[in-house]
Amino acid sequence: MEIIHIAAECYPVAKAGGLGDVVGALPKYQAELGHVAKVVMPMYRTKFLYANDWELVHEGDQRIGPYAFHYSIIKEKTNKLGFDLYLIDINGLLDREKIYGYEDDTERFLAFQVAACDWMSKWQHSPDVIHCHDHHTGLIPFMVKYCFEFRQKLADVPTVLTVHNAQYQGWIGWDKYYLLPPFDSWKWGMLDWADSINPLASAVKCAWKVTTVSHSYLDELKEEANGLQDLFQYEVGKSSGILNGIDNQVWDPLTDTMIAKNYDKELVAKGKKKNKKELAGQFGLDPEKPLIAFIGRLVGEKAADLLPEAIAQSIYQHHGNANFLVLGSGDPNLEDKLDQMKHQFGGYYNSYIGYSEPLSHLIYAGSDFLLMPSRVEPCGLNQMYALRYGTVPMVRNVGGLRDTVTDMGDWQGVGIRFDQASVEDITYSVGRAIDLYNNKQELYNWMRSHMMTIDHSWDSSAQQYIDLYKSLK
Ligand code: ADP
Ligand code: GLC
């Protein structure tokens, strides 16, 4: 099959979070299964762009409303990521340093989607499926079906939407509808939700199939989806959950070049000790104490706002018997707070406010526990990386965390689970972690080596997507 993934992120080209990891890995595993997988994404000014060789494959002219633009499509020459990678260059709109966060993001991603559809509509053949990821590419299922310029060539091509995160929907006011390519005006309802153009809702309506990145997340979306719950209930017939996998080649403690000491499950105790020593040295922590880490976006969804109080309470209530380390960026107030706390709790707590891929690898390898108190977690990859690196995940019972982490009190449990995103539940779980680390050595050793044998690679989920595409033929 020929599969076209269209997305805003793809590791290692450009990544802001798990979406990038998924789009950088799933196509590779699909290619390994014998399919032609292509990724189409915006050309940002990233290191990857300057460090690789590209060939020009197409140029075109399009417009968003009255604004004409020229676009070029370049392809990475060596297929080094294991799939065909295409970048869409639109001067002045996409070629920026960051992925998101600009005032004209609406126009940027609209132009990107228009260019992608325009290019595909000029191919001699049609792909077998167009796979869109999240709201940044959510208007494509509508465009290929109802926009006059594209529908003749593309209306019969199956579209799939994967919902990685329904909190963000890409809302566009109806006053900007003129930016869309001309379409059957009586189809406006396929764009609308609650009186605005809602790209995520539109994709849920127009895509042939909808998937969510875990089973539990689909169930949760029917109850709470930032306003789209009725739509998810209504479209349940074409929706299914396919659990994300991880890229076992990028995330392998035996070969990871970003960590201080490589190890596998036989050498987990020694290997982690060395990595922890390195980490503790860098951050002034005590390598003898259990190290509990948090990695992620500092936003409400991740319950990062609870961290300052939960860490302080845990240090007081458990008499400083655990150390904490936070790696993250996001809400500026929270960034400040987590940074300032270093002075108050030196020797027990430290943080790195910012984004660092190498440090994240060292933390997965060198910490003993990884805390994820998320309020919403569609899938979550961190806990799967933690498992692969022999680090016990401490997770709230939600979304993909519920589907991937079992509690140590249950049969063959490999993690610590709690019910509420609250300071009390986190502090209590920290107590359980300290007890496991100090008093239950045998169980702890078993958990660490057992969790490293669990296969969370993309092998099975990549095939599930293929089966889904085949059902559309
Ligand atoms: P989300 O996509 O909601 O942010 P995921 O758990 O799916 O959450 O994926 C997060 C990804 O981003 C992981 O690869 C994680 O290691 C990485 N990550 C998050 N914050 C940082 C950071 N500050 N520095 C480095 N990597 C980070
Ligand atoms: C989103 C979700 C996260 C998921 C990731 C990849 O950003 O917040 O839970 O793992 O997408 O699907």
# chains A, B, ... in the order shown; residues from 1 in each chain; ligands from 1
call {"tool": "closest_atom_pairs", "arguments": {"of": "chain A", "to": "ligand 1", "cutoff": "10 Å", "atoms": "only C-alpha atoms and all ligand atoms", "output": "JSON lines"}}
result
{"residue": "A:Tyr11", "atom": "CA", "partner": "ligand 1", "partner_atom_place_in_ligand_line": "14 (O)", "distance": 9.2}
{"residue": "A:Lys15", "atom": "CA", "partner": "ligand 1", "partner_atom_place_in_ligand_line": "12 (O)", "distance": 7.6}
{"residue": "A:Ala16", "atom": "CA", "partner": "ligand 1", "partner_atom_place_in_ligand_line": "12 (O)", "distance": 6.4}
{"residue": "A:Gly17", "atom": "CA", "partner": "ligand 1", "partner_atom_place_in_ligand_line": "12 (O)", "distance": 3.7}
{"residue": "A:Gly18", "atom": "CA", "partner": "ligand 1", "partner_atom_place_in_ligand_line": "9 (O)", "distance": 3.3}
{"residue": "A:Leu19", "atom": "CA", "partner": "ligand 1", "partner_atom_place_in_ligand_line": "2 (O)", "distance": 5.5}
{"residue": "A:Gly20", "atom": "CA", "partner": "ligand 1", "partner_atom_place_in_ligand_line": "2 (O)", "distance": 7.8}
{"residue": "A:Asp21", "atom": "CA", "partner": "ligand 1", "partner_atom_place_in_ligand_line": "14 (O)", "distance": 6.2}
{"residue": "A:Val22", "atom": "CA", "partner": "ligand 1", "partner_atom_place_in_ligand_line": "7 (O)", "distance": 8.2}
{"residue": "A:His164", "atom": "CA", "partner": "ligand 1", "partner_atom_place_in_ligand_line": "2 (O)", "distance": 7.8}
{"residue": "A:Asn165", "atom": "CA", "partner": "ligand 1", "partner_atom_place_in_ligand_line": "3 (O)", "distance": 7.4}
{"residue": "A:Val213", "atom": "CA", "partner": "ligand 1", "partner_atom_place_in_ligand_line": "7 (O)", "distance": 9.5}
{"residue": "A:Asn244", "atom": "CA", "partner": "ligand 1", "partner_atom_place_in_ligand_line": "7 (O)", "distance": 8.9}
{"residue": "A:Ile246", "atom": "CA", "partner": "ligand 1", "partner_atom_place_in_ligand_line": "14 (O)", "distance": 9.4}
{"residue": "A:Trp251", "atom": "CA", "partner": "ligand 1", "partner_atom_place_in_ligand_line": "14 (O)", "distance": 9.6}
{"residue": "A:Phe294", "atom": "CA", "partner": "ligand 1", "partner_atom_place_in_ligand_line": "20 (N)", "distance": 9.0}
{"residue": "A:Ile295", "atom": "CA", "partner": "ligand 1", "partner_atom_place_in_ligand_line": "20 (N)", "distance": 5.3}
{"residue": "A:Gly296", "atom": "CA", "partner": "ligand 1", "partner_atom_place_in_ligand_line": "20 (N)", "distance": 3.5}
{"residue": "A:Arg297", "atom": "CA", "partner": "ligand 1", "partner_atom_place_in_ligand_line": "20 (N)", "distance": 5.0}
{"residue": "A:Leu298", "atom": "CA", "partner": "ligand 1", "partner_atom_place_in_ligand_line": "20 (N)", "distance": 8.1}
{"residue": "A:Val299", "atom": "CA", "partner": "ligand 1", "partner_atom_place_in_ligand_line": "4 (O)", "distance": 9.4}
{"residue": "A:Glu301", "atom": "CA", "partner": "ligand 1", "partner_atom_place_in_ligand_line": "3 (O)", "distance": 8.1}
{"residue": "A:Lys302", "atom": "CA", "partner": "ligand 1", "partner_atom_place_in_ligand_line": "3 (O)", "distance": 7.6}
{"residue": "A:Val326", "atom": "CA", "partner": "ligand 1", "partner_atom_place_in_ligand_line": "23 (N)", "distance": 8.7}
{"residue": "A:Leu327", "atom": "CA", "partner": "ligand 1", "partner_atom_place_in_ligand_line": "23 (N)", "distance": 5.1}
{"residue": "A:Gly328", "atom": "CA", "partner": "ligand 1", "partner_atom_place_in_ligand_line": "23 (N)", "distance": 3.6}
{"residue": "A:Ser329", "atom": "CA", "partner": "ligand 1", "partner_atom_place_in_ligand_line": "23 (N)", "distance": 5.3}
{"residue": "A:Gly330", "atom": "CA", "partner": "ligand 1", "partner_atom_place_in_ligand_line": "23 (N)", "distance": 8.5}
{"residue": "A:Tyr352", "atom": "CA", "partner": "ligand 1", "partner_atom_place_in_ligand_line": "23 (N)", "distance": 7.9}
{"residue": "A:Ile353", "atom": "CA", "partner": "ligand 1", "partner_atom_place_in_ligand_line": "23 (N)", "distance": 7.0}
{"residue": "A:Gly354", "atom": "CA", "partner": "ligand 1", "partner_atom_place_in_ligand_line": "23 (N)", "distance": 5.2}
{"residue": "A:Tyr355", "atom": "CA", "partner": "ligand 1", "partner_atom_place_in_ligand_line": "24 (N)", "distance": 3.6}
{"residue": "A:Ser356", "atom": "CA", "partner": "ligand 1", "partner_atom_place_in_ligand_line": "24 (N)", "distance": 4.1}
{"residue": "A:Glu357", "atom": "CA", "partner": "ligand 1", "partner_atom_place_in_ligand_line": "25 (C)", "distance": 4.2}
{"residue": "A:Pro358", "atom": "CA", "partner": "ligand 1", "partner_atom_place_in_ligand_line": "25 (C)", "distance": 7.3}
{"residue": "A:Leu359", "atom": "CA", "partner": "ligand 1", "partner_atom_place_in_ligand_line": "25 (C)", "distance": 6.8}
{"residue": "A:Ser360", "atom": "CA", "partner": "ligand 1", "partner_atom_place_in_ligand_line": "25 (C)", "distance": 5.0}
{"residue": "A:His361", "atom": "CA", "partner": "ligand 1", "partner_atom_place_in_ligand_line": "16 (O)", "distance": 7.4}
{"residue": "A:Ile363", "atom": "CA", "partner": "ligand 1", "partner_atom_place_in_ligand_line": "16 (O)", "distance": 9.3}
{"residue": "A:Tyr364", "atom": "CA", "partner": "ligand 1", "partner_atom_place_in_ligand_line": "16 (O)", "distance": 8.4}
{"residue": "A:Met372", "atom": "CA", "partner": "ligand 1", "partner_atom_place_in_ligand_line": "6 (O)", "distance": 9.0}
{"residue": "A:Ser374", "atom": "CA", "partner": "ligand 1", "partner_atom_place_in_ligand_line": "3 (O)", "distance": 9.4}
{"residue": "A:Val376", "atom": "CA", "partner": "ligand 1", "partner_atom_place_in_ligand_line": "3 (O)", "distance": 8.8}
{"residue": "A:Glu377", "atom": "CA", "partner": "ligand 1", "partner_atom_place_in_ligand_line": "3 (O)", "distance": 6.8}
{"residue": "A:Pro378", "atom": "CA", "partner": "ligand 1", "partner_atom_place_in_ligand_line": "3 (O)", "distance": 7.6}
{"residue": "A:Cys379", "atom": "CA", "partner": "ligand 1", "partner_atom_place_in_ligand_line": "7 (O)", "distance": 6.2}
{"residue": "A:Gly380", "atom": "CA", "partner": "ligand 1", "partner_atom_place_in_ligand_line": "6 (O)", "distance": 3.5}
{"residue": "A:Leu381", "atom": "CA", "partner": "ligand 1", "partner_atom_place_in_ligand_line": "6 (O)", "distance": 3.9}
{"residue": "A:Asn382", "atom": "CA", "partner": "ligand 1", "partner_atom_place_in_ligand_line": "6 (O)", "distance": 4.5}
{"residue": "A:Gln383", "atom": "CA", "partner": "ligand 1", "partner_atom_place_in_ligand_line": "6 (O)", "distance": 7.2}
{"residue": "A:Met384", "atom": "CA", "partner": "ligand 1", "partner_atom_place_in_ligand_line": "6 (O)", "distance": 8.6}
{"residue": "A:Tyr385", "atom": "CA", "partner": "ligand 1", "partner_atom_place_in_ligand_line": "16 (O)", "distance": 7.9}
{"residue": "A:Ala386", "atom": "CA", "partner": "ligand 1", "partner_atom_place_in_ligand_line": "16 (O)", "distance": 9.5}
{"residue": "A:Gly400", "atom": "CA", "partner": "ligand 1", "partner_atom_place_in_ligand_line": "7 (O)", "distance": 9.5}
{"residue": "A:Leu401", "atom": "CA", "partner": "ligand 1", "partner_atom_place_in_ligand_line": "6 (O)", "distance": 9.6}
call {"tool": "select_by_dssp", "arguments": {"residues": "region 61-243 of chain A", "states": "alpha helix (DSSP H)", "output": "VMD selection string"}}
result
chain A and resid 105 to 120 140 to 146 148 to 154 199 to 206 215 to 223 229 to 234
call {"tool": "write_last_selection", "arguments": {"atoms": "N, CA and C atoms", "output": "compact mmCIF listing (two decimals), in the first residue's frame"}}
result
# COMPACT_ATOMS: atom_id res chain seq x y z
N ASP A 105 -0.67 31.11 13.03
CA ASP A 105 -0.67 29.65 12.89
C ASP A 105 -1.85 29.17 12.03
N THR A 106 -2.99 29.84 12.15
CA THR A 106 -4.15 29.44 11.33
C THR A 106 -3.79 29.49 9.85
N GLU A 107 -3.23 30.63 9.43
CA GLU A 107 -2.87 30.80 8.02
C GLU A 107 -1.76 29.82 7.63
N ARG A 108 -0.80 29.64 8.54
CA ARG A 108 0.34 28.75 8.24
C ARG A 108 -0.14 27.33 7.94
N PHE A 109 -0.97 26.79 8.86
CA PHE A 109 -1.38 25.40 8.67
C PHE A 109 -2.44 25.25 7.59
N LEU A 110 -3.21 26.32 7.35
CA LEU A 110 -4.14 26.27 6.22
C LEU A 110 -3.37 26.17 4.91
N ALA A 111 -2.37 27.04 4.77
CA ALA A 111 -1.58 27.04 3.54
C ALA A 111 -0.88 25.68 3.37
N PHE A 112 -0.38 25.15 4.47
CA PHE A 112 0.28 23.84 4.42
C PHE A 112 -0.68 22.76 3.88
N GLN A 113 -1.90 22.76 4.41
CA GLN A 113 -2.87 21.74 3.98
C GLN A 113 -3.29 21.93 2.54
N VAL A 114 -3.46 23.20 2.14
CA VAL A 114 -3.84 23.48 0.75
C VAL A 114 -2.73 23.00 -0.19
N ALA A 115 -1.47 23.31 0.19
CA ALA A 115 -0.35 22.90 -0.67
C ALA A 115 -0.28 21.37 -0.76
N ALA A 116 -0.48 20.70 0.37
CA ALA A 116 -0.41 19.22 0.36
C ALA A 116 -1.49 18.65 -0.57
N CYS A 117 -2.71 19.19 -0.47
CA CYS A 117 -3.80 18.68 -1.33
C CYS A 117 -3.51 19.01 -2.79
N ASP A 118 -3.01 20.21 -3.03
CA ASP A 118 -2.73 20.64 -4.40
C ASP A 118 -1.70 19.70 -5.04
N TRP A 119 -0.64 19.42 -4.27
CA TRP A 119 0.41 18.55 -4.79
C TRP A 119 -0.15 17.15 -5.10
N MET A 120 -0.86 16.57 -4.13
CA MET A 120 -1.38 15.21 -4.35
C MET A 120 -2.38 15.17 -5.51
N ILE A 140 -7.96 18.46 5.89
CA ILE A 140 -7.68 17.72 4.65
C ILE A 140 -8.82 16.76 4.27
N PRO A 141 -9.37 16.00 5.21
CA PRO A 141 -10.49 15.12 4.80
C PRO A 141 -11.65 15.93 4.18
N PHE A 142 -11.90 17.12 4.69
CA PHE A 142 -12.94 17.98 4.09
C PHE A 142 -12.49 18.46 2.71
N MET A 143 -11.27 18.95 2.63
CA MET A 143 -10.79 19.54 1.37
C MET A 143 -10.83 18.53 0.23
N VAL A 144 -10.38 17.30 0.50
CA VAL A 144 -10.32 16.34 -0.62
C VAL A 144 -11.74 15.91 -1.04
N LYS A 145 -12.68 16.05 -0.14
CA LYS A 145 -14.04 15.62 -0.47
C LYS A 145 -14.85 16.73 -1.12
N TYR A 146 -14.69 17.96 -0.62
CA TYR A 146 -15.64 19.02 -1.01
C TYR A 146 -15.04 20.22 -1.71
N PHE A 148 -13.57 22.16 -4.75
CA PHE A 148 -13.70 21.89 -6.19
C PHE A 148 -12.37 21.48 -6.83
N GLU A 149 -11.30 22.15 -6.40
CA GLU A 149 -10.01 21.90 -7.07
C GLU A 149 -9.46 20.50 -6.81
N PHE A 150 -9.80 19.94 -5.68
CA PHE A 150 -9.15 18.68 -5.28
C PHE A 150 -10.05 17.46 -5.42
N ARG A 151 -11.34 17.67 -5.37
CA ARG A 151 -12.22 16.52 -5.18
C ARG A 151 -12.24 15.56 -6.37
N GLN A 152 -12.05 16.13 -7.57
CA GLN A 152 -12.13 15.26 -8.74
C GLN A 152 -11.06 14.17 -8.66
N LYS A 153 -9.88 14.57 -8.24
CA LYS A 153 -8.77 13.61 -8.19
C LYS A 153 -8.75 12.82 -6.88
N LEU A 154 -9.15 13.45 -5.79
CA LEU A 154 -8.86 12.86 -4.47
C LEU A 154 -10.07 12.38 -3.68
N PRO A 199 -11.35 22.48 12.88
CA PRO A 199 -10.64 21.49 12.05
C PRO A 199 -10.66 20.07 12.63
N LEU A 200 -10.57 19.95 13.97
CA LEU A 200 -10.58 18.59 14.51
C LEU A 200 -11.96 17.96 14.34
N ALA A 201 -13.00 18.75 14.66
CA ALA A 201 -14.37 18.23 14.51
C ALA A 201 -14.63 17.89 13.04
N SER A 202 -14.17 18.75 12.15
CA SER A 202 -14.39 18.52 10.73
C SER A 202 -13.75 17.20 10.29
N ALA A 203 -12.55 16.94 10.81
CA ALA A 203 -11.89 15.68 10.44
C ALA A 203 -12.64 14.48 11.01
N VAL A 204 -13.16 14.63 12.23
CA VAL A 204 -13.93 13.51 12.81
C VAL A 204 -15.16 13.24 11.94
N LYS A 205 -15.74 14.30 11.41
CA LYS A 205 -16.93 14.13 10.57
C LYS A 205 -16.58 13.56 9.19
N CYS A 206 -15.50 14.08 8.61
CA CYS A 206 -15.25 13.78 7.19
C CYS A 206 -14.33 12.58 6.94
N HIS A 215 -7.17 2.76 23.67
CA HIS A 215 -8.59 2.38 23.77
C HIS A 215 -9.31 3.22 24.81
N SER A 216 -8.65 3.36 25.97
CA SER A 216 -9.31 4.09 27.05
C SER A 216 -9.60 5.53 26.65
N TYR A 217 -8.72 6.11 25.85
CA TYR A 217 -8.91 7.51 25.45
C TYR A 217 -10.19 7.66 24.63
N LEU A 218 -10.46 6.68 23.78
CA LEU A 218 -11.69 6.76 22.99
C LEU A 218 -12.91 6.74 23.92
N ASP A 219 -12.88 5.86 24.92
CA ASP A 219 -13.99 5.82 25.88
C ASP A 219 -14.12 7.17 26.60
N GLU A 220 -12.98 7.73 26.96
CA GLU A 220 -13.02 9.00 27.70
C GLU A 220 -13.55 10.14 26.83
N LEU A 221 -13.19 10.13 25.54
CA LEU A 221 -13.63 11.21 24.65
C LEU A 221 -15.15 11.27 24.52
N LYS A 222 -15.78 10.12 24.68
CA LYS A 222 -17.25 10.11 24.59
C LYS A 222 -17.86 10.83 25.80
N GLU A 223 -17.10 10.93 26.87
CA GLU A 223 -17.58 11.62 28.08
C GLU A 223 -17.11 13.07 28.13
N GLN A 229 -17.59 15.88 22.85
CA GLN A 229 -18.01 14.55 23.30
C GLN A 229 -19.21 14.00 22.52
N ASP A 230 -20.20 14.88 22.20
CA ASP A 230 -21.37 14.38 21.46
C ASP A 230 -20.95 13.87 20.08
N LEU A 231 -20.00 14.57 19.50
CA LEU A 231 -19.53 14.16 18.16
C LEU A 231 -18.84 12.80 18.24
N PHE A 232 -18.01 12.61 19.26
CA PHE A 232 -17.33 11.31 19.39
C PHE A 232 -18.35 10.19 19.65
N GLN A 233 -19.40 10.53 20.39
CA GLN A 233 -20.44 9.50 20.60
C GLN A 233 -21.11 9.17 19.28
N TYR A 234 -21.42 10.21 18.51
CA TYR A 234 -22.14 10.04 17.27
C TYR A 234 -21.31 9.25 16.24
call {"tool": "select_by_dssp", "arguments": {"residues": "region 119-265 of chain A", "states": "strand (DSSP E)", "output": "PyMOL selection string"}}
result
chain A and resi 129-133+159-163+192-193+196-197+209-212+239-241
call {"tool": "closest_residue", "arguments": {"among": "A:Glu9, A:Glu278, A:Glu76, A:Asp252", "to": "ligand 2", "atoms": "only C-alpha atoms and all ligand atoms"}}
result
A:Glu9
call {"tool": "residues_around", "arguments": {"residues": "region 347-351 of chain A", "least_positions_apart": "3", "cutoff": "12 Å", "atoms": "only C-alpha atoms", "output": "ChimeraX atom specification"}}
result
/A:279-296,307-308,310-312,314-316,318-329,334-344,354-356,359-360,363
call {"tool": "closest_residue", "arguments": {"among": "A:Ile64, A:Ile454, A:Val163, A:Ala225", "to": "ligand 2", "atoms": "only C-alpha atoms and all ligand atoms"}}
result
A:Val163
call {"tool": "residues_around", "arguments": {"residues": "Asn445 (chain A)", "least_positions_apart": "5", "cutoff": "12 Å", "atoms": "only C-alpha atoms", "output": "list in words"}}
result
Lys265, Glu266, Leu267, Val268, Ala269, Lys270, Lys272, Asp368, Gly390, Thr391, Val392, Val414, Leu436, Tyr437, Asn438, Asn439, Lys440, His450, Met451 and Met452 of chain A
call {"tool": "atom_distance", "arguments": {"atom1": "CA of Gly346 (chain A)", "atom2": "CA of Gly366 (chain A)"}}
result
18.9 Å
call {"tool": "decode", "arguments": {"residues": "region 30-40 of chain A", "atoms": "all heavy atoms", "output": "compact mmCIF listing (two decimals), in the first residue's frame"}}
result
# COMPACT_ATOMS: atom_id res chain seq x y z
N GLN A 30 5.83 0.70 9.18
CA GLN A 30 4.96 0.32 8.06
C GLN A 30 5.81 0.00 6.83
O GLN A 30 5.51 -0.93 6.09
CB GLN A 30 3.97 1.45 7.75
CG GLN A 30 2.93 1.59 8.86
CD GLN A 30 1.94 2.71 8.64
OE1 GLN A 30 2.28 3.73 8.04
NE2 GLN A 30 0.73 2.55 9.13
N ALA A 31 6.90 0.75 6.65
CA ALA A 31 7.79 0.47 5.53
C ALA A 31 8.44 -0.91 5.74
O ALA A 31 8.60 -1.68 4.79
CB ALA A 31 8.85 1.56 5.41
N GLU A 32 8.78 -1.20 6.99
CA GLU A 32 9.39 -2.52 7.26
C GLU A 32 8.42 -3.65 6.98
O GLU A 32 8.81 -4.77 6.68
CB GLU A 32 9.88 -2.60 8.72
CG GLU A 32 11.23 -1.91 8.89
CD GLU A 32 11.62 -1.67 10.34
OE1 GLU A 32 10.97 -2.24 11.25
OE2 GLU A 32 12.57 -0.88 10.56
N LEU A 33 7.12 -3.36 7.05
CA LEU A 33 6.12 -4.38 6.73
C LEU A 33 5.92 -4.51 5.22
O LEU A 33 5.04 -5.25 4.76
CB LEU A 33 4.78 -4.05 7.39
CG LEU A 33 4.72 -4.20 8.92
CD1 LEU A 33 3.42 -3.62 9.47
CD2 LEU A 33 4.85 -5.66 9.34
N GLY A 34 6.67 -3.73 4.44
CA GLY A 34 6.62 -3.88 2.98
C GLY A 34 5.75 -2.84 2.28
O GLY A 34 5.44 -2.99 1.11
N HIS A 35 5.35 -1.80 2.99
CA HIS A 35 4.50 -0.77 2.37
C HIS A 35 5.32 0.47 2.04
O HIS A 35 6.42 0.65 2.55
CB HIS A 35 3.36 -0.42 3.32
CG HIS A 35 2.54 -1.62 3.67
ND1 HIS A 35 1.59 -2.16 2.84
CD2 HIS A 35 2.59 -2.44 4.75
CE1 HIS A 35 1.07 -3.23 3.39
NE2 HIS A 35 1.66 -3.44 4.57
N VAL A 36 4.75 1.30 1.17
CA VAL A 36 5.41 2.57 0.88
C VAL A 36 4.78 3.60 1.80
O VAL A 36 3.61 3.94 1.68
CB VAL A 36 5.19 2.98 -0.59
CG1 VAL A 36 5.82 4.33 -0.85
CG2 VAL A 36 5.76 1.92 -1.52
N ALA A 37 5.57 4.07 2.77
CA ALA A 37 5.04 5.06 3.71
C ALA A 37 5.75 6.38 3.46
O ALA A 37 6.97 6.43 3.36
CB ALA A 37 5.26 4.59 5.14
N LYS A 38 4.96 7.44 3.33
CA LYS A 38 5.53 8.76 3.08
C LYS A 38 5.06 9.72 4.16
O LYS A 38 3.92 9.61 4.61
CB LYS A 38 5.07 9.28 1.71
CG LYS A 38 5.47 8.36 0.58
CD LYS A 38 5.10 8.90 -0.79
CE LYS A 38 5.74 7.98 -1.85
NZ LYS A 38 5.36 8.31 -3.21
N VAL A 39 5.93 10.61 4.54
CA VAL A 39 5.54 11.65 5.50
C VAL A 39 5.65 13.01 4.81
O VAL A 39 6.66 13.32 4.19
CB VAL A 39 6.43 11.63 6.76
CG1 VAL A 39 6.18 12.86 7.64
CG2 VAL A 39 6.17 10.36 7.57
N VAL A 40 4.58 13.79 4.93
CA VAL A 40 4.58 15.14 4.38
C VAL A 40 4.40 16.11 5.54
O VAL A 40 3.46 15.98 6.32
CB VAL A 40 3.40 15.32 3.38
CG1 VAL A 40 3.42 16.73 2.78
CG2 VAL A 40 3.44 14.26 2.30
